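So this one's run09.cif, mmCIF, C-alpha atoms:
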```cif
data_input
loop_
_atom_site.label_atom_id
_atom_site.label_comp_id
_atom_site.auth_asym_id
_atom_site.auth_seq_id
_atom_site.Cartn_x
_atom_site.Cartn_y
_atom_site.Cartn_z
CA MET F 237 -27.88 -28.61 -101.60
CA VAL F 238 -26.11 -28.69 -98.21
CA SER F 239 -24.60 -32.02 -97.36
CA GLN F 240 -25.20 -33.70 -94.05
CA GLU F 241 -21.63 -33.06 -92.98
CA GLN F 242 -21.86 -29.33 -93.77
CA ARG F 243 -25.14 -29.13 -91.87
CA ARG F 244 -23.50 -30.76 -88.82
CA ARG F 245 -20.60 -28.29 -88.90
CA GLN F 246 -22.98 -25.32 -89.24
CA LEU F 247 -25.01 -26.44 -86.24
CA ALA F 248 -21.81 -26.89 -84.23
CA ARG F 249 -20.63 -23.39 -85.16
CA GLU F 250 -23.99 -21.86 -84.22
CA LYS F 251 -23.89 -23.72 -80.92
CA PHE F 252 -20.41 -22.37 -80.26
CA LEU F 253 -21.51 -18.83 -81.09
CA ARG F 254 -24.49 -19.13 -78.76
CA GLN F 255 -22.21 -20.37 -75.98
CA GLN F 256 -19.86 -17.46 -76.56
CA GLN F 257 -22.75 -15.02 -76.46
CA ARG F 258 -24.04 -16.54 -73.23
CA ARG F 259 -20.55 -16.40 -71.72
CA THR F 260 -20.10 -12.81 -72.84
CA SER F 261 -23.48 -11.90 -71.47
CA ALA F 262 -22.77 -13.69 -68.19
CA ARG F 263 -19.39 -12.00 -67.92
CA ARG F 264 -20.98 -8.62 -68.54
CA LYS F 265 -23.58 -9.27 -65.87
CA THR F 266 -20.91 -10.42 -63.44
CA ASN F 267 -18.83 -7.33 -64.08
CA MET F 268 -21.86 -5.15 -63.59
CA ARG F 269 -22.79 -6.93 -60.38
CA ASN F 270 -19.24 -6.60 -59.07
CA SER F 271 -19.28 -2.92 -59.92
CA VAL F 272 -22.51 -2.48 -58.01
CA ILE F 273 -21.15 -4.45 -55.03
CA ALA F 274 -17.96 -2.39 -55.04
CA SER F 275 -19.99 0.77 -55.13
CA VAL F 276 -22.14 -0.37 -52.25
CA LEU F 277 -19.08 -1.41 -50.25
CA GLY F 278 -17.54 1.95 -50.93
CA VAL F 279 -20.63 3.68 -49.61
CA VAL F 280 -20.65 1.43 -46.54
CA VAL F 281 -16.97 2.09 -45.81
CA ILE F 282 -17.36 5.83 -46.26
CA GLY F 283 -20.47 5.75 -44.11
CA SER F 284 -18.68 3.75 -41.46
CA ILE F 285 -15.84 6.25 -41.36
CA ALA F 286 -18.34 9.04 -41.08
CA LEU F 287 -20.10 7.24 -38.24
CA TYR F 288 -16.82 6.65 -36.48
CA THR F 289 -15.74 10.25 -36.72
CA THR F 290 -19.10 11.65 -35.71
CA GLY F 291 -21.62 9.29 -34.19
CA VAL F 292 -19.32 7.12 -32.11
CA LEU F 293 -17.52 10.03 -30.54
CA LYS F 294 -20.86 11.61 -29.80
CA ASN F 295 -22.03 8.39 -28.18
CA ASP F 296 -18.92 8.37 -26.01
CA ASP F 297 -19.63 11.93 -25.05
CA LYS F 298 -23.23 11.04 -24.32
CA LYS F 299 -22.15 8.13 -22.16
CA THR F 300 -19.76 10.34 -20.29
CA ASN F 301 -22.36 13.01 -19.79
CA ALA F 302 -25.02 10.49 -18.84
CA SER F 303 -22.71 9.00 -16.26
CA ALA F 304 -21.99 12.42 -14.89
CA ASP F 305 -25.71 13.18 -14.73
CA VAL F 306 -26.68 9.95 -12.99
CA THR F 307 -23.70 9.70 -10.64
CA PRO F 308 -22.31 13.09 -9.67
CA SER F 309 -18.56 13.07 -9.19
CA ALA F 310 -17.74 12.46 -5.54
CA LYS F 311 -16.13 15.29 -3.70
CA PRO F 312 -12.59 14.44 -2.59
CA THR F 313 -12.47 13.51 1.05
CA SER F 314 -10.29 15.86 3.04
CA LYS F 315 -7.77 14.22 5.35
CA ALA F 316 -7.45 15.68 8.82
CA PRO F 317 -4.47 18.00 9.06
CA ASP F 318 -1.30 16.45 10.41
CA PRO F 319 -1.02 17.57 14.06
CA CYS F 320 2.75 17.16 14.05
CA GLU F 321 5.68 19.17 12.75
CA LYS F 322 8.10 18.22 10.02
CA PRO F 323 10.97 15.98 11.15
CA ALA F 324 14.28 17.58 12.01
CA ALA F 325 17.06 17.30 9.48
CA GLY F 326 19.14 14.17 9.78
CA SER F 327 19.21 10.50 8.89
CA ILE F 328 18.84 7.22 10.73
CA LYS F 329 22.06 5.53 11.77
CA LYS F 330 22.31 1.92 10.64
CA GLN F 331 23.76 0.24 13.68
CA SER F 332 23.87 -3.32 14.96
CA TRP F 333 25.60 -5.16 17.79
CA LYS F 334 26.13 -8.85 18.34
CA LYS F 335 25.89 -8.74 22.12
CA GLU F 336 23.88 -6.95 24.76
CA PRO F 337 25.86 -3.96 26.09
CA ALA F 338 27.73 -4.43 29.34
CA MET F 339 25.88 -3.23 32.41
CA SER F 340 26.82 0.38 33.09
CA ILE F 341 23.84 1.96 34.83
CA ASP F 342 23.39 2.51 38.53
CA THR F 343 20.28 0.53 39.44
CA SER F 344 19.80 2.60 42.59
CA ALA F 345 19.69 5.89 40.70
CA GLN F 346 16.82 7.50 38.83
CA TYR F 347 16.77 7.60 35.03
CA THR F 348 14.52 9.48 32.68
CA MET F 349 14.20 9.26 28.93
CA LYS F 350 13.08 12.18 26.78
CA LEU F 351 11.61 11.48 23.37
CA ALA F 352 11.73 14.76 21.49
CA THR F 353 9.20 13.96 18.75
CA THR F 354 7.68 15.90 15.90
CA CYS F 355 4.42 15.88 17.86
CA GLY F 356 5.87 17.10 21.16
CA ASP F 357 8.10 15.88 23.97
CA ILE F 358 7.28 12.60 25.71
CA ASP F 359 9.12 12.18 29.01
CA LEU F 360 9.48 8.74 30.55
CA ALA F 361 10.44 7.79 34.09
CA LEU F 362 12.42 4.56 33.78
CA LYS F 363 12.61 1.66 36.26
CA PRO F 364 16.29 0.66 36.50
CA SER F 365 15.88 -1.45 39.63
CA ALA F 366 12.92 -3.44 38.25
CA ALA F 367 14.18 -3.78 34.65
CA PRO F 368 17.94 -3.16 34.80
CA HIS F 369 18.93 -4.83 31.53
CA THR F 370 16.18 -3.07 29.59
CA VAL F 371 17.01 0.36 31.03
CA ASN F 372 20.72 -0.25 30.50
CA SER F 373 20.05 -1.13 26.86
CA PHE F 374 18.02 2.03 26.31
CA ASP F 375 20.72 4.13 27.93
CA PHE F 376 23.24 2.54 25.55
CA LEU F 377 21.11 2.84 22.40
CA ALA F 378 20.07 6.43 23.11
CA GLY F 379 23.71 7.35 23.68
CA LYS F 380 24.55 5.96 20.24
CA GLY F 381 21.79 7.98 18.56
CA TYR F 382 20.03 4.74 17.63
CA PHE F 383 16.50 6.13 18.01
CA ASP F 384 17.18 9.51 16.42
CA HIS F 385 15.08 10.27 13.29
CA THR F 386 13.14 6.99 13.56
CA LYS F 387 9.40 6.78 12.96
CA CYS F 388 6.86 5.41 15.39
CA HIS F 389 5.48 2.90 12.93
CA ARG F 390 2.36 1.48 14.56
CA LEU F 391 -0.73 2.93 16.22
CA THR F 392 -3.46 0.70 17.65
CA THR F 393 -6.80 2.29 18.45
CA ASN F 394 -9.05 -0.74 18.77
CA GLY F 395 -8.90 -3.33 21.57
CA ILE F 396 -5.56 -2.06 22.84
CA TYR F 397 -4.35 1.52 22.76
CA VAL F 398 -0.68 1.85 22.07
CA LEU F 399 1.87 3.68 19.95
CA GLN F 400 4.81 1.48 18.96
CA CYS F 401 8.26 2.92 18.26
CA GLY F 402 11.94 1.98 18.29
CA ASP F 403 12.41 0.33 14.89
CA PRO F 404 14.91 2.08 12.60
CA THR F 405 13.43 0.30 9.55
CA GLY F 406 9.97 1.71 10.27
CA LEU F 407 8.48 -1.66 9.29
CA GLY F 408 8.23 -3.40 12.64
CA SER F 409 10.97 -5.91 11.87
CA GLY F 410 14.11 -4.06 12.94
CA GLY F 411 16.26 -4.39 16.05
CA PRO F 412 19.71 -3.72 17.51
CA GLY F 413 21.11 -7.16 16.69
CA TYR F 414 20.89 -8.55 20.22
CA GLN F 415 18.00 -9.71 22.37
CA LEU F 416 17.16 -9.17 26.02
CA LYS F 417 15.44 -11.44 28.49
CA ASP F 418 12.03 -10.52 29.85
CA GLU F 419 12.01 -8.50 33.07
CA ASN F 420 9.51 -7.18 35.58
CA LEU F 421 6.58 -9.25 34.32
CA LYS F 422 5.11 -9.29 37.83
CA ASP F 423 5.10 -5.51 38.20
CA LYS F 424 2.46 -4.49 40.72
CA SER F 425 0.96 -2.08 38.17
CA LEU F 426 -0.16 -5.01 35.98
CA LYS F 427 -3.48 -6.01 37.50
CA GLY F 428 -6.05 -8.22 35.80
CA ASN F 429 -3.92 -8.50 32.66
CA VAL F 430 -4.22 -4.77 32.04
CA TYR F 431 -1.35 -2.49 31.07
CA PRO F 432 -2.55 0.79 32.55
CA THR F 433 -2.49 4.18 30.91
CA GLY F 434 1.01 5.63 30.96
CA THR F 435 2.92 2.34 30.81
CA VAL F 436 6.04 1.94 28.67
CA ALA F 437 6.77 -1.70 27.77
CA MET F 438 8.84 -3.75 25.39
CA ALA F 439 7.39 -5.20 22.19
CA ASN F 440 8.61 -8.70 21.39
CA ALA F 441 8.15 -11.76 19.19
CA GLY F 442 7.88 -14.18 22.10
CA PRO F 443 9.58 -14.89 25.42
CA ASN F 444 13.02 -13.30 25.82
CA THR F 445 13.13 -11.73 22.36
CA ASN F 446 13.24 -8.07 23.39
CA GLY F 447 15.23 -5.73 21.18
CA SER F 448 14.69 -2.00 20.69
CA GLN F 449 10.97 -1.76 19.93
CA PHE F 450 8.69 -0.50 22.67
CA PHE F 451 5.12 0.68 23.05
CA LEU F 452 3.52 3.59 24.85
CA VAL F 453 0.11 2.90 26.40
CA TYR F 454 -2.19 5.93 26.14
CA LYS F 455 -5.30 4.14 27.47
CA ASP F 456 -5.77 1.04 29.66
CA SER F 457 -5.10 -1.99 27.45
CA GLN F 458 -5.99 -5.63 28.03
CA LEU F 459 -2.79 -7.61 27.46
CA PRO F 460 -1.24 -10.73 28.97
CA PRO F 461 1.76 -9.93 31.20
CA ASN F 462 4.30 -10.94 28.57
CA TYR F 463 5.82 -7.55 27.83
CA THR F 464 8.52 -6.03 30.02
CA PRO F 465 7.19 -2.83 31.66
CA PHE F 466 10.17 -0.54 32.19
CA GLY F 467 8.80 2.97 32.67
CA THR F 468 5.90 5.40 32.88
CA ILE F 469 4.82 8.39 30.79
CA ASP F 470 4.36 11.87 32.23
CA LYS F 471 1.07 13.79 31.86
CA ALA F 472 2.38 16.08 29.13
CA GLY F 473 3.52 13.03 27.18
CA LEU F 474 0.08 11.45 27.48
CA LYS F 475 -1.46 14.58 25.95
CA VAL F 476 0.92 14.21 23.03
CA LEU F 477 -0.15 10.59 22.63
CA ASP F 478 -3.82 11.56 22.76
CA LYS F 479 -3.18 14.03 19.93
CA ILE F 480 -1.50 11.33 17.86
CA ALA F 481 -4.29 8.84 18.55
CA ALA F 482 -6.96 11.39 17.61
CA ALA F 483 -5.44 11.64 14.13
CA GLY F 484 -6.04 7.89 13.67
CA GLU F 485 -4.18 5.28 11.67
CA ASN F 486 -4.01 4.59 7.96
CA THR F 487 -6.05 1.37 7.65
CA GLY F 488 -9.25 2.54 9.30
CA ALA F 489 -9.40 -0.84 11.05
CA GLY F 490 -7.72 0.30 14.25
CA ASP F 491 -4.21 -1.02 13.69
CA GLY F 492 -1.77 0.54 11.26
CA ALA F 493 0.71 3.32 10.69
CA PRO F 494 -0.29 6.56 12.43
CA ASN F 495 -1.71 9.27 10.22
CA ALA F 496 0.30 11.78 12.22
CA THR F 497 3.96 12.09 11.27
CA VAL F 498 5.46 10.73 14.49
CA VAL F 499 9.24 10.88 14.31
CA ILE F 500 11.64 10.78 17.24
CA ASN F 501 13.99 13.64 16.43
CA LYS F 502 16.14 12.89 19.46
CA ALA F 503 16.09 10.36 22.31
CA THR F 504 18.04 11.13 25.46
CA VAL F 505 18.46 9.11 28.66
CA THR F 506 19.48 11.10 31.74
CA LYS F 507 20.61 9.95 35.16
CA SER F 508 19.53 11.99 38.16
#
```

Written as C-alpha cells, that's how I'd like the structure from this file.
Amino acid sequence: MVSQEQRRRQLAREKFLRQQQRRTSARRKTNMRNSVIASVLGVVVIGSIALYTTGVLKNDDKKTNASADVTPSAKPTSKAPDPCEKPAAGSIKKQSWKKEPAMSIDTSAQYTMKLATTCGDIDLALKPSAAPHTVNSFDFLAGKGYFDHTKCHRLTTNGIYVLQCGDPTGLGSGGPGYQLKDENLKDKSLKGNVYPTGTVAMANAGPNTNGSQFFLVYKDSQLPPNYTPFGTIDKAGLKVLDKIAAAGENTGAGDGAPNATVVINKATVTKS
C-alpha cells in the first residue's frame, strides 16, 4: 500500500511532467508561429521588392506620361536676334583720377564726339561754351581711352526713354574718381521739364555729383532739369538708338540692361 508521502511525491512528479509537456507544447506552437510569421514577412519583403522594381517605376512613368498628356511641354520662347555686332577685341582700362582735369578745351570752338559702337556710330555735337567743364572732361577721358570697350548698361523704355553709358564697371556704380559740378541746367532746349529727343546729358547721384556716366535721349522724356545737357545726337545716331530700343531690355519692366549688345568700341572727341 502506497504511503501518504509517496502519494504526495507521485502527484508532484505528475504535475511537473504536465507542466513540462505544456511548456514543450507551448514552445512548439511558438516556434511554429514564428516560422509562419517569418515566412509571411519574407513574402512581404520579396513582394515589396518586386513592387519597387516594377510597379513603382511604372507609376513614375505613368505620372510622367500623364503630366505630358495634360500639360504639353511649352515650346521654348525665341529671343529676338541681337541687332548689334560682336565687340571689337580689347579690354577696359581701369583708370581713376583724384582731381578734375585742368581746362584744356577752347570754349569758342566746336567739338564733336563719335561713339563707335557695336550697333553703329553715334555722333554727338558737344556744347563747350554752355558746359565747358563737362566737355573738357569728356575730351580728357576719351583721349585716355576711358570709354573704349565699355558697355552701355541701362536702357529705359517706360516713362523716360534713354540709353545710359559711360560706366567701365557696367553696373551703374563706376566713375573716373572725380566729380563735376552741374552745368547748363537752364538750357533753352529744356522746356516743361522735358529732355527732348536727341539730348545728351549727364547721369548723377544728386547735385554736383557728375562723373563719366551719361544718357542718350531717343524720345522726349519727362525729367526735372537736374541733369547737365552737354550735347545733341545726330539723325543717324538716333536711328541706332531706335534699333537698340526696339530690342528691349532684360527685365521686361521697362528699365534694365539692353538686350542688344551695346559696347562702345571707341570714343573719340574731335575739335573743329

Could you tell me which residues the PyMOL selection byres ((chain F and resi 437-449) around 9) returns for this structure, as a PDB file with C-alpha atoms, keeping the file's coordinate frame?
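Ended up saving to out.pdb:
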```pdb
ATOM      1  CA  THR F 370      16.180  -3.070  29.590  1.00  0.00           C
ATOM      2  CA  SER F 373      20.050  -1.130  26.860  1.00  0.00           C
ATOM      3  CA  PHE F 374      18.020   2.030  26.310  1.00  0.00           C
ATOM      4  CA  LEU F 377      21.110   2.840  22.400  1.00  0.00           C
ATOM      5  CA  PHE F 383      16.500   6.130  18.010  1.00  0.00           C
ATOM      6  CA  GLN F 400       4.810   1.480  18.960  1.00  0.00           C
ATOM      7  CA  CYS F 401       8.260   2.920  18.260  1.00  0.00           C
ATOM      8  CA  GLY F 402      11.940   1.980  18.290  1.00  0.00           C
ATOM      9  CA  ASP F 403      12.410   0.330  14.890  1.00  0.00           C
ATOM     10  CA  GLY F 408       8.230  -3.400  12.640  1.00  0.00           C
ATOM     11  CA  GLY F 410      14.110  -4.060  12.940  1.00  0.00           C
ATOM     12  CA  GLY F 411      16.260  -4.390  16.050  1.00  0.00           C
ATOM     13  CA  PRO F 412      19.710  -3.720  17.510  1.00  0.00           C
ATOM     14  CA  GLY F 413      21.110  -7.160  16.690  1.00  0.00           C
ATOM     15  CA  TYR F 414      20.890  -8.550  20.220  1.00  0.00           C
ATOM     16  CA  GLN F 415      18.000  -9.710  22.370  1.00  0.00           C
ATOM     17  CA  LEU F 416      17.160  -9.170  26.020  1.00  0.00           C
ATOM     18  CA  LYS F 417      15.440 -11.440  28.490  1.00  0.00           C
ATOM     19  CA  ASP F 418      12.030 -10.520  29.850  1.00  0.00           C
ATOM     20  CA  GLU F 419      12.010  -8.500  33.070  1.00  0.00           C
ATOM     21  CA  TYR F 431      -1.350  -2.490  31.070  1.00  0.00           C
ATOM     22  CA  THR F 435       2.920   2.340  30.810  1.00  0.00           C
ATOM     23  CA  VAL F 436       6.040   1.940  28.670  1.00  0.00           C
ATOM     24  CA  PHE F 450       8.690  -0.500  22.670  1.00  0.00           C
ATOM     25  CA  PHE F 451       5.120   0.680  23.050  1.00  0.00           C
ATOM     26  CA  LEU F 452       3.520   3.590  24.850  1.00  0.00           C
ATOM     27  CA  VAL F 453       0.110   2.900  26.400  1.00  0.00           C
ATOM     28  CA  ASN F 462       4.300 -10.940  28.570  1.00  0.00           C
ATOM     29  CA  TYR F 463       5.820  -7.550  27.830  1.00  0.00           C
ATOM     30  CA  THR F 464       8.520  -6.030  30.020  1.00  0.00           C
ATOM     31  CA  PRO F 465       7.190  -2.830  31.660  1.00  0.00           C
ATOM     32  CA  PHE F 466      10.170  -0.540  32.190  1.00  0.00           C
ATOM     33  CA  GLY F 467       8.800   2.970  32.670  1.00  0.00           C
ATOM     34  CA  THR F 468       5.900   5.400  32.880  1.00  0.00           C
TER      35      THR F 468
END
```

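The closest residue to F:Val505, picked from F:Asp478, F:Asp423, F:Asp375, F:Asp359 and counting only C-alpha atoms, is F:Asp375.
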
With all atoms listed in the file as the atoms that count, which of F:Val398, F:Met339, F:Val371, F:Cys320 lies nearest to F:Gly490?
F:Val398

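The two atoms in question, atom CA of F:Lys334 and atom CA of F:Val498, are spaced 28.7 Å apart.
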
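By chain and then residue number, the residues within 12 Å of F:Ala482 are Ala316, Pro317, Asp318, Pro319, Cys320, Leu391, Thr392, Thr393, Tyr397, Leu399, Tyr454, Lys475, Val476, Leu477, Gly490, Pro494, Asn495 and Ala496 of chain F, counting all atoms listed in the file and disregarding those fewer than 5 positions away in sequence.
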
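Nearest residue to F:Pro364, choosing from F:Met349, F:Leu474, F:Ala324, F:Leu426 and counting all atoms listed in the file: F:Met349.
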
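Using all atoms listed in the file, the smallest distance between any of F:Thr343, F:Glu321, F:Lys424, F:Ala489 and F:Asp357 comes from F:Glu321.
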
As a check of understanding, name the residues that the PyMOL selection byres ((chain F and resi 384) around 7) selects in the supplied structure, as a PDB file with C-alpha atoms, keeping the file's coordinate frame.
```pdb
ATOM      1  CA  ILE F 328      18.840   7.220  10.730  1.00  0.00           C
ATOM      2  CA  GLY F 381      21.790   7.980  18.560  1.00  0.00           C
ATOM      3  CA  TYR F 382      20.030   4.740  17.630  1.00  0.00           C
ATOM      4  CA  PHE F 383      16.500   6.130  18.010  1.00  0.00           C
ATOM      5  CA  HIS F 385      15.080  10.270  13.290  1.00  0.00           C
ATOM      6  CA  THR F 386      13.140   6.990  13.560  1.00  0.00           C
ATOM      7  CA  ILE F 500      11.640  10.780  17.240  1.00  0.00           C
ATOM      8  CA  ASN F 501      13.990  13.640  16.430  1.00  0.00           C
ATOM      9  CA  LYS F 502      16.140  12.890  19.460  1.00  0.00           C
ATOM     10  CA  ALA F 503      16.090  10.360  22.310  1.00  0.00           C
TER      11      ALA F 503
END
```

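Minimum atom-to-atom distance to F:Ile396, evaluated using only C-alpha atoms, belongs to F:Val430 out of F:Leu362, F:Ile480, F:Ala345, F:Val430.
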